[in-house]
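*Asks:* Please find structure-v2.txt (compact mmCIF, C-alpha atoms and all ligand atoms) on the next line:
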```txt
# COMPACT_ATOMS: atom_id res chain seq x y z
CA MET A 1 -82.85 56.51 -50.20
CA LEU A 2 -86.54 56.97 -50.81
CA GLU A 3 -88.86 56.22 -47.92
CA LEU A 4 -92.63 56.09 -47.56
CA ARG A 5 -93.93 57.34 -44.22
CA ILE A 6 -97.51 56.70 -43.20
CA GLU A 7 -98.75 58.40 -40.05
CA GLY A 8 -102.05 58.01 -38.22
CA LEU A 9 -103.96 56.96 -41.32
CA SER A 10 -107.64 56.18 -40.74
CA LYS A 11 -110.53 55.31 -43.01
CA THR A 12 -114.11 54.41 -42.17
CA TYR A 13 -116.37 53.45 -45.07
CA SER A 14 -119.89 54.85 -45.25
CA ASN A 15 -121.25 51.47 -44.10
CA GLY A 16 -119.35 51.93 -40.83
CA VAL A 17 -116.50 49.48 -41.54
CA LYS A 18 -113.26 50.78 -40.01
CA ALA A 19 -110.90 49.66 -42.74
CA LEU A 20 -107.88 51.58 -41.38
CA GLN A 21 -107.44 52.59 -37.75
CA ASP A 22 -104.55 54.91 -36.98
CA VAL A 23 -102.07 53.12 -39.24
CA SER A 24 -98.45 54.28 -38.94
CA LEU A 25 -95.68 52.61 -40.93
CA THR A 26 -92.28 53.53 -42.29
CA ILE A 27 -91.51 51.71 -45.51
CA PRO A 28 -87.91 51.89 -46.72
CA THR A 29 -86.42 51.14 -50.14
CA GLY A 30 -86.59 47.43 -50.91
CA MET A 31 -89.31 44.84 -50.71
CA PHE A 32 -91.90 45.42 -48.00
CA GLY A 33 -94.51 42.76 -47.23
CA LEU A 34 -97.93 43.78 -45.96
CA LEU A 35 -99.34 40.58 -44.53
CA GLY A 36 -102.88 40.14 -43.31
CA PRO A 37 -106.04 38.08 -43.72
CA ASN A 38 -108.82 38.96 -46.15
CA GLY A 39 -110.61 42.05 -44.98
CA ALA A 40 -107.60 43.34 -43.00
CA GLY A 41 -107.54 46.64 -44.89
CA LYS A 42 -104.62 45.91 -47.23
CA SER A 43 -106.35 46.99 -50.44
CA THR A 44 -107.72 50.10 -48.77
CA LEU A 45 -104.19 51.04 -47.71
CA MET A 46 -102.73 50.21 -51.15
CA ARG A 47 -105.38 52.22 -52.98
CA THR A 48 -104.88 55.17 -50.66
CA ILE A 49 -101.11 55.16 -51.23
CA ALA A 50 -101.78 54.82 -54.97
CA THR A 51 -103.88 58.04 -54.78
CA LEU A 52 -107.03 56.19 -55.86
CA GLN A 53 -109.04 56.89 -52.75
CA GLU A 54 -109.14 59.31 -49.85
CA ALA A 55 -108.36 58.72 -46.20
CA ASP A 56 -110.36 60.38 -43.40
CA SER A 57 -107.27 61.48 -41.50
CA GLY A 58 -103.55 60.99 -41.28
CA SER A 59 -100.69 61.62 -43.66
CA ILE A 60 -98.51 59.82 -46.19
CA ALA A 61 -95.17 61.14 -47.39
CA LEU A 62 -93.06 59.70 -50.21
CA GLY A 63 -89.72 61.38 -49.71
CA ASP A 64 -90.75 65.05 -49.62
CA ILE A 65 -94.00 64.50 -51.55
CA ASP A 66 -97.29 64.83 -49.66
CA VAL A 67 -99.04 61.80 -51.16
CA LEU A 68 -102.58 62.75 -50.14
CA ARG A 69 -102.29 66.21 -51.72
CA GLU A 70 -99.70 66.05 -54.49
CA LYS A 71 -101.36 63.21 -56.34
CA ASP A 72 -99.93 64.03 -59.76
CA LYS A 73 -96.40 63.91 -58.43
CA VAL A 74 -97.05 60.51 -56.87
CA ARG A 75 -98.60 59.15 -60.06
CA ARG A 76 -95.50 60.01 -62.05
CA LEU A 77 -93.42 57.86 -59.68
CA LEU A 78 -95.92 55.05 -59.20
CA GLY A 79 -96.28 51.59 -60.70
CA TYR A 80 -99.41 49.83 -59.55
CA LEU A 81 -100.63 46.28 -60.02
CA PRO A 82 -104.14 46.21 -58.58
CA GLN A 83 -105.74 43.10 -57.14
CA GLU A 84 -108.16 42.93 -60.06
CA PHE A 85 -106.26 44.01 -63.11
CA GLY A 86 -109.49 43.32 -64.91
CA VAL A 87 -109.14 44.03 -68.58
CA TYR A 88 -107.86 41.25 -70.82
CA PRO A 89 -109.05 42.26 -74.25
CA ARG A 90 -108.38 40.54 -77.56
CA ILE A 91 -105.32 42.55 -78.22
CA THR A 92 -101.75 41.30 -78.19
CA ALA A 93 -99.54 41.77 -75.16
CA GLU A 94 -97.18 43.87 -77.24
CA ALA A 95 -99.91 46.18 -78.58
CA MET A 96 -101.44 46.64 -75.13
CA LEU A 97 -98.11 47.44 -73.51
CA ASN A 98 -97.36 49.85 -76.32
CA HIS A 99 -100.71 51.52 -75.64
CA PHE A 100 -99.94 51.83 -71.92
CA ALA A 101 -96.54 53.26 -72.81
CA VAL A 102 -98.25 56.00 -74.84
CA LEU A 103 -100.47 56.76 -71.85
CA LYS A 104 -97.35 56.94 -69.67
CA GLY A 105 -96.09 59.66 -71.99
CA ILE A 106 -93.38 57.75 -73.83
CA VAL A 107 -94.04 59.52 -77.11
CA ASN A 108 -90.87 58.73 -79.04
CA ALA A 109 -91.65 55.62 -81.15
CA LYS A 110 -88.19 54.08 -80.98
CA GLU A 111 -87.86 54.66 -77.27
CA ARG A 112 -91.30 53.12 -76.81
CA ARG A 113 -90.42 50.06 -78.89
CA ASP A 114 -87.22 49.55 -76.93
CA THR A 115 -89.00 49.96 -73.60
CA VAL A 116 -91.77 47.52 -74.55
CA ASN A 117 -89.24 44.97 -75.80
CA ALA A 118 -87.17 45.23 -72.66
CA LEU A 119 -90.18 44.82 -70.39
CA LEU A 120 -91.53 41.83 -72.32
CA GLN A 121 -88.12 40.24 -72.03
CA ARG A 122 -87.79 41.03 -68.35
CA THR A 123 -91.17 39.49 -67.55
CA ASN A 124 -90.44 36.46 -69.72
CA LEU A 125 -93.24 37.25 -72.17
CA SER A 126 -91.20 37.82 -75.31
CA ASP A 127 -92.39 34.57 -76.86
CA ALA A 128 -96.00 35.46 -76.06
CA ARG A 129 -95.79 39.03 -77.39
CA LYS A 130 -98.12 38.34 -80.34
CA GLN A 131 -100.57 36.36 -78.24
CA ASN A 132 -103.90 37.90 -77.24
CA LEU A 133 -104.09 38.83 -73.55
CA SER A 134 -107.45 37.04 -73.40
CA THR A 135 -105.59 33.73 -73.87
CA PHE A 136 -103.04 34.37 -71.09
CA SER A 137 -102.85 32.09 -68.03
CA GLY A 138 -103.10 33.59 -64.54
CA GLY A 139 -99.34 33.67 -64.14
CA MET A 140 -98.82 35.30 -67.54
CA ARG A 141 -101.43 37.92 -66.68
CA GLN A 142 -99.65 38.76 -63.45
CA ARG A 143 -96.32 39.03 -65.25
CA PHE A 144 -97.95 41.27 -67.83
CA GLY A 145 -99.36 43.32 -64.96
CA ILE A 146 -95.82 43.79 -63.66
CA ALA A 147 -94.61 44.78 -67.13
CA GLN A 148 -97.19 47.58 -67.30
CA ALA A 149 -96.47 48.60 -63.69
CA LEU A 150 -92.77 49.00 -64.54
CA LEU A 151 -93.40 51.39 -67.43
CA GLY A 152 -91.78 54.76 -66.85
CA ASN A 153 -89.28 53.50 -64.24
CA PRO A 154 -91.42 53.94 -61.14
CA LYS A 155 -89.81 54.62 -57.77
CA LEU A 156 -92.78 53.26 -55.85
CA ILE A 157 -94.31 49.94 -56.89
CA ILE A 158 -97.44 48.55 -55.33
CA VAL A 159 -98.57 44.99 -55.98
CA ASP A 160 -101.82 43.92 -54.37
CA GLU A 161 -102.22 40.17 -53.74
CA PRO A 162 -100.21 39.25 -56.83
CA THR A 163 -99.72 35.54 -56.16
CA ALA A 164 -103.25 34.59 -55.12
CA GLY A 165 -104.39 31.86 -57.50
CA LEU A 166 -100.99 31.16 -59.06
CA ASP A 167 -99.75 27.59 -59.21
CA PRO A 168 -96.49 26.86 -57.33
CA GLU A 169 -94.30 27.06 -60.42
CA GLU A 170 -95.75 30.41 -61.51
CA ARG A 171 -95.45 31.72 -57.96
CA VAL A 172 -91.72 30.96 -57.92
CA ARG A 173 -91.35 32.61 -61.30
CA PHE A 174 -93.24 35.66 -60.11
CA HIS A 175 -91.16 35.80 -56.91
CA ASN A 176 -87.96 35.81 -58.94
CA LEU A 177 -89.29 38.65 -61.05
CA LEU A 178 -90.24 40.71 -58.00
CA ALA A 179 -86.93 40.00 -56.30
CA GLU A 180 -85.13 41.54 -59.28
CA ILE A 181 -87.02 44.83 -59.16
CA GLY A 182 -86.85 45.35 -55.41
CA GLU A 183 -83.33 46.76 -55.26
CA ASN A 184 -83.53 50.52 -55.69
CA VAL A 185 -87.22 51.24 -55.39
CA VAL A 186 -89.89 50.98 -52.73
CA VAL A 187 -91.94 47.86 -53.44
CA ILE A 188 -95.02 47.13 -51.34
CA LEU A 189 -96.36 43.63 -51.69
CA SER A 190 -99.72 43.02 -50.10
CA THR A 191 -100.52 39.38 -49.48
CA HIS A 192 -102.25 36.87 -47.23
CA ILE A 193 -99.61 34.26 -48.12
CA VAL A 194 -96.81 34.00 -45.56
CA GLU A 195 -94.32 32.48 -48.05
CA ASP A 196 -94.57 35.59 -50.25
CA VAL A 197 -93.12 37.56 -47.35
CA SER A 198 -90.60 35.01 -46.08
CA ASP A 199 -89.23 34.45 -49.60
CA LEU A 200 -89.00 38.08 -50.63
CA CYS A 201 -89.30 40.78 -48.03
CA SER A 202 -86.62 42.41 -45.90
CA GLN A 203 -89.23 44.39 -43.98
CA MET A 204 -92.85 43.64 -43.21
CA ALA A 205 -95.97 44.54 -41.30
CA ILE A 206 -98.83 42.39 -40.12
CA ILE A 207 -102.24 44.04 -40.26
CA ALA A 208 -105.67 42.89 -39.17
CA GLY A 209 -108.91 44.74 -38.60
CA GLY A 210 -107.33 47.88 -40.04
CA ARG A 211 -104.62 47.93 -37.36
CA VAL A 212 -100.88 47.30 -37.52
CA LEU A 213 -100.08 44.35 -35.23
CA MET A 214 -96.31 44.44 -35.78
CA SER A 215 -93.77 45.82 -38.19
CA GLY A 216 -90.10 45.20 -38.75
CA ASP A 217 -87.63 42.64 -40.00
CA PRO A 218 -89.28 39.23 -40.54
CA GLN A 219 -86.09 37.32 -39.66
CA ALA A 220 -85.74 39.26 -36.41
CA ALA A 221 -89.37 38.55 -35.55
CA VAL A 222 -88.75 34.83 -36.10
CA ARG A 223 -85.60 34.95 -33.93
CA GLU A 224 -87.52 36.69 -31.19
CA LEU A 225 -90.10 33.90 -31.10
CA ASN A 226 -87.51 31.13 -31.25
CA GLY A 227 -87.47 28.88 -28.20
CA LYS A 228 -91.08 29.78 -27.40
CA VAL A 229 -92.97 27.65 -29.93
CA TRP A 230 -94.07 24.17 -28.87
CA ARG A 231 -95.61 21.43 -30.93
CA ARG A 232 -97.85 18.60 -29.98
CA VAL A 233 -99.87 15.98 -31.79
CA ILE A 234 -103.30 15.62 -30.24
CA GLY A 235 -106.44 13.57 -30.77
CA LYS A 236 -109.18 15.18 -32.78
CA HIS A 237 -111.47 15.48 -29.76
CA GLU A 238 -108.84 17.01 -27.50
CA LEU A 239 -108.59 20.31 -29.37
CA GLU A 240 -111.12 22.25 -27.32
CA ASP A 241 -109.49 21.17 -24.10
CA PHE A 242 -106.04 22.21 -25.31
CA GLN A 243 -107.33 25.53 -26.54
CA ARG A 244 -108.71 26.18 -23.09
CA ARG A 245 -105.47 25.28 -21.31
CA TYR A 246 -102.83 26.68 -23.67
CA THR A 247 -102.25 29.53 -26.08
CA VAL A 248 -102.81 27.53 -29.26
CA ILE A 249 -101.73 29.70 -32.17
CA SER A 250 -102.35 27.20 -34.96
CA THR A 251 -103.97 23.87 -35.66
CA ARG A 252 -103.38 21.80 -38.71
CA LEU A 253 -103.81 18.32 -40.04
CA VAL A 254 -100.53 16.66 -40.95
CA GLY A 255 -100.91 13.21 -42.45
CA GLY A 256 -104.33 12.87 -40.87
CA ARG A 257 -103.10 13.84 -37.39
CA THR A 258 -103.95 17.07 -35.60
CA VAL A 259 -100.84 19.14 -34.85
CA ILE A 260 -101.02 22.19 -32.63
CA HIS A 261 -98.47 24.93 -32.06
CA THR A 262 -98.49 26.85 -28.80
CA VAL A 263 -96.45 29.79 -27.62
CA SER A 264 -95.06 30.04 -24.13
CA ASP A 265 -91.75 31.01 -22.52
CA ALA A 266 -91.36 27.61 -20.86
CA GLN A 267 -92.24 24.12 -22.04
CA PRO A 268 -95.93 23.73 -21.21
CA ASP A 269 -95.35 20.10 -20.15
CA PRO A 270 -93.04 17.27 -21.25
CA THR A 271 -95.49 16.08 -23.91
CA PHE A 272 -94.82 19.25 -25.95
CA GLU A 273 -91.72 19.34 -28.13
CA PRO A 274 -89.78 22.51 -28.92
CA ILE A 275 -89.62 23.53 -32.59
CA ASN A 276 -87.93 26.26 -34.57
CA ALA A 277 -90.21 29.23 -35.03
CA SER A 278 -91.28 30.10 -38.58
CA LEU A 279 -92.72 33.30 -40.00
CA GLU A 280 -96.07 31.54 -40.06
CA ASP A 281 -95.79 31.11 -36.27
CA VAL A 282 -94.99 34.82 -35.98
CA TYR A 283 -98.06 35.67 -38.04
CA PHE A 284 -100.36 33.39 -36.04
CA HIS A 285 -98.85 34.52 -32.74
CA TYR A 286 -99.54 38.21 -33.40
CA SER A 287 -102.98 37.46 -34.82
CA LYS A 288 -103.87 35.37 -31.79
CA ARG A 289 -102.61 37.97 -29.36
CA ASP A 290 -104.62 40.64 -31.13
CA SER A 291 -107.85 38.67 -31.20
CA GLN A 292 -107.45 37.89 -27.49
CA ALA A 293 -106.88 41.58 -26.74
CA GLN A 294 -109.92 42.52 -28.82
CA ALA A 295 -112.06 39.91 -27.06
CA GLU A 296 -110.96 41.19 -23.66
CA ALA A 297 -111.66 44.79 -24.64
CA ALA A 298 -115.18 43.92 -25.86
P1 LIG B 301 -108.05 43.37 -47.73
O1 LIG B 301 -107.46 43.95 -48.96
O2 LIG B 301 -107.06 43.18 -46.63
O3 LIG B 301 -108.84 42.11 -47.99
P2 LIG B 301 -109.91 45.62 -47.82
O4 LIG B 301 -109.16 46.89 -47.71
O5 LIG B 301 -110.37 45.18 -49.17
O6 LIG B 301 -109.08 44.44 -47.11
O7 LIG B 301 -111.19 45.70 -46.88
C1 LIG B 301 -111.13 46.11 -45.52
C2 LIG B 301 -112.55 46.16 -44.97
O8 LIG B 301 -113.25 47.23 -45.60
C3 LIG B 301 -113.35 44.90 -45.23
O9 LIG B 301 -114.19 44.68 -44.12
C4 LIG B 301 -114.16 45.27 -46.46
O10 LIG B 301 -115.37 44.53 -46.49
C5 LIG B 301 -114.40 46.74 -46.26
N1 LIG B 301 -114.50 47.48 -47.52
C6 LIG B 301 -113.60 47.52 -48.53
N2 LIG B 301 -113.99 48.35 -49.52
C7 LIG B 301 -115.19 48.87 -49.12
C8 LIG B 301 -116.11 49.80 -49.71
N3 LIG B 301 -115.86 50.38 -50.88
N4 LIG B 301 -117.23 50.09 -49.01
C9 LIG B 301 -117.47 49.52 -47.81
N5 LIG B 301 -116.66 48.64 -47.21
C10 LIG B 301 -115.52 48.31 -47.85
```
Go ahead and render the structure in this file as structure tokens.
Ligand code: ADP
*Replies:*
Amino acid sequence: MLELRIEGLSKTYSNGVKALQDVSLTIPTGMFGLLGPNGAGKSTLMRTIATLQEADSGSIALGDIDVLREKDKVRRLLGYLPQEFGVYPRITAEAMLNHFAVLKGIVNAKERRDTVNALLQRTNLSDARKQNLSTFSGGMRQRFGIAQALLGNPKLIIVDEPTAGLDPEERVRFHNLLAEIGENVVVILSTHIVEDVSDLCSQMAIIAGGRVLMSGDPQAAVRELNGKVWRRVIGKHELEDFQRRYTVISTRLVGGRTVIHTVSDAQPDPTFEPINASLEDVYFHYSKRDSQAQAEAA
């Protein structure tokens, strides 16, 4: 089974931003979620794996291919849906996909027609094949982006923030599409949306500030936190006090009331109720722990 191994990858931009700091990850076949806030370094990592930009140090191997050096080999195996797909010209979906297929080297006309038809069908765009891309909705654009990324049967598929801006129905549709491709290829899904990972991914990593905060099986991470997450409804003005006294990992308004989640091995006091941990709690827990560690180091 194909595996992507990233070791000690670092990148500092010329403005001094450390976008990647000694990132090491092993990404197996299947759907891998790269979860992190905006600015975490996800796109930098995706673009580096996609051979579109250079790292300062470290290595990436896809099977026995040296990704940072054997770029052409990687490109032949790669399907990439960038964050900004960008170009939506007044050309039909079918014509554009046909054009991309030519670029991918599918020169035989019949083979190309069959491939384009199959991909339009798979991404549920057959009915929209004669429609100009410029008239596509956000969800249709993303599905078209997947269609072009799947050209040439890639073994490594990278999708960068694909569900940002999709309405709930389109997100579900897009999830179903991704779930179908993730079987025999390496799929890396970068996202800041926890549900993308909990719905789809068998393996994940959380990154922030260019660093890997955790990696592994999302379900296992949730199980590990189970029994340690406590919930309490507080008054609006009590938040600061609670933040001082407890490890508050998240705060949210639920029906106009402020609900906090804290993490601790034992019940902080009888006013806190135990709740089942979620992947969102995992995400906030690791983020909180990291920002505390960073603050202490500063
Ligand atoms: P994400 O995809 O997680 O939002 P990015 O990889 O886009 O994160 O960005 C990581 C950090 O690097 C951010 O602080 C961003 O502002 C910075 N950054 C990204 N691209 C460049 C660039 N070309 N030049 C300078 N800084 C950049």
*Asks:* So that I can check the surroundings of Asn124 of chain A, please list as a list in words every protein, DNA and RNA residue that reaches within 12 Å of it, counting all atoms listed in the file and ignoring chain neighbours fewer than 5 positions away.
*Replies:*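 Counting only the stated atoms, we get Ala93, Asn117, Ala118, Leu119, Arg129, Gly139, Met140, Arg141, Gln142, Arg143, Phe144, Ile146, Ala147, Glu170, Arg173, Phe174, Asn176 and Leu177 of chain A.
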*Asks:* Got a sec: who's within 8 Å of Arg75 of chain A, counting only C-alpha atoms, leaving out chain neighbours fewer than 3 positions off, as a list in words?
*Replies:* Ala50, Thr51, Lys71, Asp72, Leu78 and Gly79 of chain A
*Asks:* Take the residues from that selection and write them out as a PDB file, in the frame of the given file, keeping C-alpha atoms.
*Replies:*
```pdb
ATOM      1  CA  ALA A  50    -101.780  54.820 -54.970  1.00  0.00           C
ATOM      2  CA  THR A  51    -103.880  58.040 -54.780  1.00  0.00           C
ATOM      3  CA  LYS A  71    -101.360  63.210 -56.340  1.00  0.00           C
ATOM      4  CA  ASP A  72     -99.930  64.030 -59.760  1.00  0.00           C
ATOM      5  CA  LEU A  78     -95.920  55.050 -59.200  1.00  0.00           C
ATOM      6  CA  GLY A  79     -96.280  51.590 -60.700  1.00  0.00           C
TER       7      GLY A  79
END
```
*Asks:* Mind listing the residues within 6 Å of ligand LIG 301 (chain B), all atoms listed in the file counted, as a list of chain:residue names?
*Replies:*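 Counting all atoms listed in the file, the residues within 6 Å of ligand LIG 301 (chain B) come out as A:Tyr13, A:Asn15, A:Val17, A:Ala19, A:Pro37, A:Asn38, A:Gly39, A:Ala40, A:Gly41, A:Lys42, A:Ser43, A:Thr44.
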*Asks:* From the list A:Gly182, A:Gly145, A:Gly33, A:Gly138, which residue is nearest Phe100 of chain A when using all atoms listed in the file?
*Replies:*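 For Phe100 of chain A, the nearest of the given residues is A:Gly145.
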*Asks:* What is the distance between atom CA of Val23 of chain A and atom CA of Thr191 of chain A, in Å to one decimal?
*Replies:*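 Atom CA of Val23 of chain A sits 17.2 Å away from atom CA of Thr191 of chain A.
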*Asks:* Between A:Arg257, A:Leu2, A:Arg289, A:Ala266, which is the closest to Pro154 of chain A once you count all atoms listed in the file?
*Replies:*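 When distances to Pro154 of chain A are compared using all atoms listed in the file, the smallest one comes from A:Leu2.
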*Asks:* Using all atoms listed in the file, which of A:Leu239, A:Leu35, A:Ala295, A:Leu225 sits nearest Ser264 of chain A?
*Replies:*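 That would be A:Leu225, the residue with the smallest distance to Ser264 of chain A.
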*Asks:* Using only C-alpha atoms, can you tell me which of A:Val102, A:Ala179, A:Val254, A:Ile6 comes closest to Leu68 of chain A?
*Replies:*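 Going through A:Val102, A:Ala179, A:Val254, A:Ile6 one by one, the smallest distance to Leu68 of chain A is for A:Ile6.
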